[in-house]
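Student: Got a structure for you, questions after.
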Amino acid sequence: MSASDQSSWSIRPDPAEYNVFYGRYVDSVPDGDLVVFLSHQLRRLQQVMAGEGERVAELSYAENKWTVRQVMGHILDTEWVFGSRLLRMARGDGAPLPGMDHEVFMAHSYVEDRSLAGIMAELSGLRTAVTILMDSLRPDVLTWQGTASGFPVTVRAQGWILAGHCEHHMSILKKRYDLSIPD
């Protein structure tokens, strides 16, 4: 039986399981099975990006703010980092995991050379792999703890942070870029 079948991913992490900075991400994720939510979240993002297409790629809501393409590249990069953290903690890797400087990542991501469709294809494959991994974990693994960015975090919290980070940026795309993000 998989972890999500037992509703292990339905248990919201306690604030003691992660750095207070990530509370806004965790709080933005609705109650329920996180693996199911992650799949739904991906479908919502695919729907809006397929509908909007390349015509919004260079849209920015203010001077010196990221374009839609850059926001999507950032979501992708963070999915890689947070998914890797989750995997390493779930496999018992006790090594402290470094933080992520999003400005350094953006400077070297070269997203301007990529199509939104290409970014979405990579994000879709990665999200699918992460949710399959999460669904395969035994319930006790979700409470295992690692260190990321200098702070303790559990496997469970890392999954909720991953979902919340994406939700945070989807909210920005909806409110500031005026994209039609479905609920």
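How things are named: the first chain in the structure tokens is A, the next is B, and so on; residues count from 1 in each chain; ligands count from 1 in the order shown.
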Based on DSSP run over this structure's backbone, return all residues of chain A in helix (DSSP H, G or I), as a ChimeraX atom specification.

Tutor: /A:8-10,15-17,20-27,34-56,68-90,102-107,111-113,116-136,139-143,155-175

Student: Which residues come within 7 Å of stretch 163-171 of chain A, counting only C-alpha atoms, excluding same-chain residues fewer than 6 positions away, as number ranges by chain?

Tutor: A: 25-26, 28-29, 38, 75

Student: Can you pull out every residue from stretch 8-147 of chain A that DSSP, working from the backbone, puts in strand (DSSP E or B), and format the result as a PyMOL selection string?

Tutor: chain A and resi 97+145-147

Student: Would you mind exporting N, CA and C atoms of the selected residues as a PDB file, in the first residue's frame?

Tutor:
```pdb
ATOM      1  N   LEU A  97      22.139  19.951   3.468  1.00  0.00           N
ATOM      2  CA  LEU A  97      21.887  20.342   2.084  1.00  0.00           C
ATOM      3  C   LEU A  97      21.931  21.861   1.976  1.00  0.00           C
ATOM      4  N   GLN A 145      14.159  13.356   9.316  1.00  0.00           N
ATOM      5  CA  GLN A 145      14.595  14.742   9.288  1.00  0.00           C
ATOM      6  C   GLN A 145      15.957  14.894   8.634  1.00  0.00           C
ATOM      7  N   GLY A 146      16.108  15.974   7.926  1.00  0.00           N
ATOM      8  CA  GLY A 146      17.387  16.360   7.354  1.00  0.00           C
ATOM      9  C   GLY A 146      17.634  17.820   7.675  1.00  0.00           C
ATOM     10  N   THR A 147      18.688  18.352   7.083  1.00  0.00           N
ATOM     11  CA  THR A 147      19.004  19.766   7.253  1.00  0.00           C
ATOM     12  C   THR A 147      19.125  20.393   5.870  1.00  0.00           C
TER      13      THR A 147
END
```

Student: Do you know which residues are at most 10 Å from A:Val56 counting only C-alpha atoms, after dropping those on the same chain fewer than 4 positions away, and could you put them as a CSV table (one decimal) with N, CA and C atoms, in the first residue's frame?

Tutor:
```csv
chain,number,residue,atom,x,y,z
A,49,MET,N,-0.7,27.6,-18.9
A,49,MET,CA,0.4,27.8,-19.8
A,49,MET,C,0.0,27.4,-21.3
A,52,GLU,N,-2.3,30.3,-22.5
A,52,GLU,CA,-1.7,31.6,-22.7
A,52,GLU,C,-0.5,31.5,-23.8
A,60,SER,N,5.8,41.1,-17.9
A,60,SER,CA,6.3,41.4,-16.6
A,60,SER,C,5.3,42.5,-16.0
A,67,THR,N,9.9,38.1,-15.8
A,67,THR,CA,8.9,37.8,-16.8
A,67,THR,C,8.2,36.5,-16.5
A,68,VAL,N,7.1,36.2,-17.1
A,68,VAL,CA,6.4,34.9,-16.9
A,68,VAL,C,7.4,33.8,-17.2
A,69,ARG,N,8.2,33.9,-18.2
A,69,ARG,CA,9.2,32.9,-18.6
A,69,ARG,C,10.1,32.7,-17.4
A,116,LEU,N,8.3,28.4,-23.3
A,116,LEU,CA,7.4,28.1,-22.2
A,116,LEU,C,7.0,26.6,-22.3
A,177,TYR,N,0.3,39.2,-12.7
A,177,TYR,CA,0.4,39.1,-14.2
A,177,TYR,C,-0.9,38.9,-14.9
A,179,LEU,N,-2.9,36.4,-15.1
A,179,LEU,CA,-3.1,35.1,-15.8
A,179,LEU,C,-4.3,34.4,-15.2
```

Student: Quick one: residues within 12 Å of A:Pro152, only C-alpha atoms, excluding same-chain residues fewer than 5 positions away - as a VMD selection string?

Tutor: chain A and resid 15 to 20 22 85 89 94 to 98 143 to 147 157 to 158

Student: Would you write out those residues with C-alpha atoms, as a PDB file, in the first residue's frame?

Tutor:
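Below is the file that was written, again04.pdb:
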```pdb
ATOM      1  CA  PRO A  15       5.613  24.146  12.352  1.00  0.00           C
ATOM      2  CA  ALA A  16       8.437  22.501  14.328  1.00  0.00           C
ATOM      3  CA  GLU A  17       9.188  20.386  11.220  1.00  0.00           C
ATOM      4  CA  TYR A  18      10.474  23.308   9.130  1.00  0.00           C
ATOM      5  CA  ASN A  19      11.990  26.788   9.241  1.00  0.00           C
ATOM      6  CA  VAL A  20       9.463  29.524  10.011  1.00  0.00           C
ATOM      7  CA  TYR A  22       8.505  28.322   4.868  1.00  0.00           C
ATOM      8  CA  ARG A  85      16.082  17.486  -0.912  1.00  0.00           C
ATOM      9  CA  MET A  89      16.183  12.930   3.160  1.00  0.00           C
ATOM     10  CA  GLY A  94      22.170  12.979   6.637  1.00  0.00           C
ATOM     11  CA  ALA A  95      24.466  15.451   4.879  1.00  0.00           C
ATOM     12  CA  PRO A  96      23.415  19.081   5.336  1.00  0.00           C
ATOM     13  CA  LEU A  97      21.887  20.342   2.084  1.00  0.00           C
ATOM     14  CA  PRO A  98      22.796  23.816   0.859  1.00  0.00           C
ATOM     15  CA  THR A 143       8.957  12.045   9.715  1.00  0.00           C
ATOM     16  CA  TRP A 144      12.638  11.575   8.916  1.00  0.00           C
ATOM     17  CA  GLN A 145      14.595  14.742   9.288  1.00  0.00           C
ATOM     18  CA  GLY A 146      17.387  16.360   7.354  1.00  0.00           C
ATOM     19  CA  THR A 147      19.004  19.766   7.253  1.00  0.00           C
ATOM     20  CA  ALA A 157       7.479  19.261   5.420  1.00  0.00           C
ATOM     21  CA  GLN A 158       9.714  19.286   2.332  1.00  0.00           C
TER      22      GLN A 158
END
```

Student: Which residues are close to A:Gly83, i.e. within 12 Å by only C-alpha atoms, leaving aside same-chain residues fewer than 4 positions away? Reply as a list of chain:residue names.

Tutor: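 These residues fall inside the cut-off: A:Ile75, A:Leu76, A:Asp77, A:Thr78, A:Glu79, A:Leu87, A:Arg88, A:Met89, A:Ala90, A:Leu123, A:Leu126, A:Arg127, A:Thr128, A:Ala129, A:Val130, A:Thr131, A:Ile132, A:Leu133, A:Met134, A:Val155, A:Arg156, A:Ala157, A:Gln158, A:Gly159, A:Trp160, A:Ile161, A:Leu162, A:Ala163, A:His165.
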
Student: Could you write out that same residue set with N, CA and C atoms as an mmCIF file, in the first residue's frame?

Tutor:
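File written: selection21.cif
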```cif
data_model
loop_
_atom_site.group_PDB
_atom_site.id
_atom_site.type_symbol
_atom_site.label_atom_id
_atom_site.label_comp_id
_atom_site.auth_asym_id
_atom_site.auth_seq_id
_atom_site.Cartn_x
_atom_site.Cartn_y
_atom_site.Cartn_z
ATOM 1 N N ILE A 75 10.231 28.416 -10.878
ATOM 2 C CA ILE A 75 9.436 27.302 -10.330
ATOM 3 C C ILE A 75 10.113 25.982 -10.678
ATOM 4 N N LEU A 76 10.574 25.841 -11.911
ATOM 5 C CA LEU A 76 11.251 24.618 -12.341
ATOM 6 C C LEU A 76 12.524 24.372 -11.536
ATOM 7 N N ASP A 77 13.385 25.380 -11.421
ATOM 8 C CA ASP A 77 14.626 25.214 -10.663
ATOM 9 C C ASP A 77 14.350 24.810 -9.215
ATOM 10 N N THR A 78 13.377 25.455 -8.618
ATOM 11 C CA THR A 78 13.053 25.166 -7.220
ATOM 12 C C THR A 78 12.468 23.770 -7.071
ATOM 13 N N GLU A 79 11.709 23.343 -8.049
ATOM 14 C CA GLU A 79 11.175 21.971 -8.028
ATOM 15 C C GLU A 79 12.325 20.966 -8.024
ATOM 16 N N LEU A 87 14.151 13.645 -1.844
ATOM 17 C CA LEU A 87 14.748 12.343 -2.159
ATOM 18 C C LEU A 87 15.900 12.020 -1.209
ATOM 19 N N ARG A 88 16.806 12.946 -1.036
ATOM 20 C CA ARG A 88 17.976 12.683 -0.199
ATOM 21 C C ARG A 88 17.576 12.408 1.246
ATOM 22 N N MET A 89 16.642 13.163 1.785
ATOM 23 C CA MET A 89 16.183 12.930 3.160
ATOM 24 C C MET A 89 15.453 11.592 3.263
ATOM 25 N N ALA A 90 14.648 11.276 2.255
ATOM 26 C CA ALA A 90 13.889 10.023 2.261
ATOM 27 C C ALA A 90 14.794 8.803 2.113
ATOM 28 N N LEU A 123 9.091 20.606 -16.348
ATOM 29 C CA LEU A 123 8.408 20.680 -15.060
ATOM 30 C C LEU A 123 7.403 19.542 -14.914
ATOM 31 N N LEU A 126 9.295 16.288 -14.237
ATOM 32 C CA LEU A 126 9.878 16.321 -12.900
ATOM 33 C C LEU A 126 8.804 16.175 -11.829
ATOM 34 N N ARG A 127 7.705 16.912 -11.969
ATOM 35 C CA ARG A 127 6.619 16.826 -10.981
ATOM 36 C C ARG A 127 6.052 15.409 -10.937
ATOM 37 N N THR A 128 5.904 14.797 -12.086
ATOM 38 C CA THR A 128 5.408 13.422 -12.123
ATOM 39 C C THR A 128 6.355 12.495 -11.370
ATOM 40 N N ALA A 129 7.659 12.649 -11.597
ATOM 41 C CA ALA A 129 8.650 11.811 -10.903
ATOM 42 C C ALA A 129 8.611 12.048 -9.398
ATOM 43 N N VAL A 130 8.503 13.304 -8.989
ATOM 44 C CA VAL A 130 8.468 13.619 -7.552
ATOM 45 C C VAL A 130 7.226 13.024 -6.902
ATOM 46 N N THR A 131 6.075 13.122 -7.560
ATOM 47 C CA THR A 131 4.859 12.575 -6.945
ATOM 48 C C THR A 131 4.894 11.049 -6.901
ATOM 49 N N ILE A 132 5.490 10.427 -7.892
ATOM 50 C CA ILE A 132 5.647 8.963 -7.848
ATOM 51 C C ILE A 132 6.556 8.580 -6.679
ATOM 52 N N LEU A 133 7.653 9.311 -6.518
ATOM 53 C CA LEU A 133 8.537 9.070 -5.369
ATOM 54 C C LEU A 133 7.780 9.234 -4.066
ATOM 55 N N MET A 134 7.076 10.348 -3.917
ATOM 56 C CA MET A 134 6.349 10.605 -2.677
ATOM 57 C C MET A 134 5.332 9.509 -2.392
ATOM 58 N N VAL A 155 10.909 15.121 5.871
ATOM 59 C CA VAL A 155 10.508 14.740 4.516
ATOM 60 C C VAL A 155 9.100 15.266 4.240
ATOM 61 N N ARG A 156 8.194 15.070 5.189
ATOM 62 C CA ARG A 156 6.808 15.545 5.015
ATOM 63 C C ARG A 156 6.778 17.047 4.763
ATOM 64 N N ALA A 157 7.475 17.803 5.585
ATOM 65 C CA ALA A 157 7.479 19.261 5.420
ATOM 66 C C ALA A 157 8.069 19.660 4.071
ATOM 67 N N GLN A 158 9.102 18.951 3.618
ATOM 68 C CA GLN A 158 9.714 19.286 2.332
ATOM 69 C C GLN A 158 8.705 19.132 1.195
ATOM 70 N N GLY A 159 7.861 18.107 1.268
ATOM 71 C CA GLY A 159 6.818 17.944 0.261
ATOM 72 C C GLY A 159 5.818 19.090 0.280
ATOM 73 N N TRP A 160 5.394 19.504 1.458
ATOM 74 C CA TRP A 160 4.434 20.599 1.576
ATOM 75 C C TRP A 160 5.067 21.921 1.154
ATOM 76 N N ILE A 161 6.350 22.106 1.448
ATOM 77 C CA ILE A 161 7.062 23.323 1.029
ATOM 78 C C ILE A 161 7.143 23.374 -0.490
ATOM 79 N N LEU A 162 7.459 22.252 -1.112
ATOM 80 C CA LEU A 162 7.526 22.173 -2.576
ATOM 81 C C LEU A 162 6.192 22.612 -3.188
ATOM 82 N N ALA A 163 5.111 22.069 -2.675
ATOM 83 C CA ALA A 163 3.781 22.425 -3.188
ATOM 84 C C ALA A 163 3.460 23.888 -2.925
ATOM 85 N N HIS A 165 5.528 26.426 -2.463
ATOM 86 C CA HIS A 165 6.338 27.341 -3.263
ATOM 87 C C HIS A 165 5.699 27.542 -4.636
#
```

Student: Could you check the closest approach to A:Ser180 for each of A:Arg12, A:Arg24, A:His74, A:Arg44 and tell me which residue wins, using only C-alpha atoms?

Tutor: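 Among A:Arg12, A:Arg24, A:His74, A:Arg44, it is A:Arg44 that comes nearest to A:Ser180.
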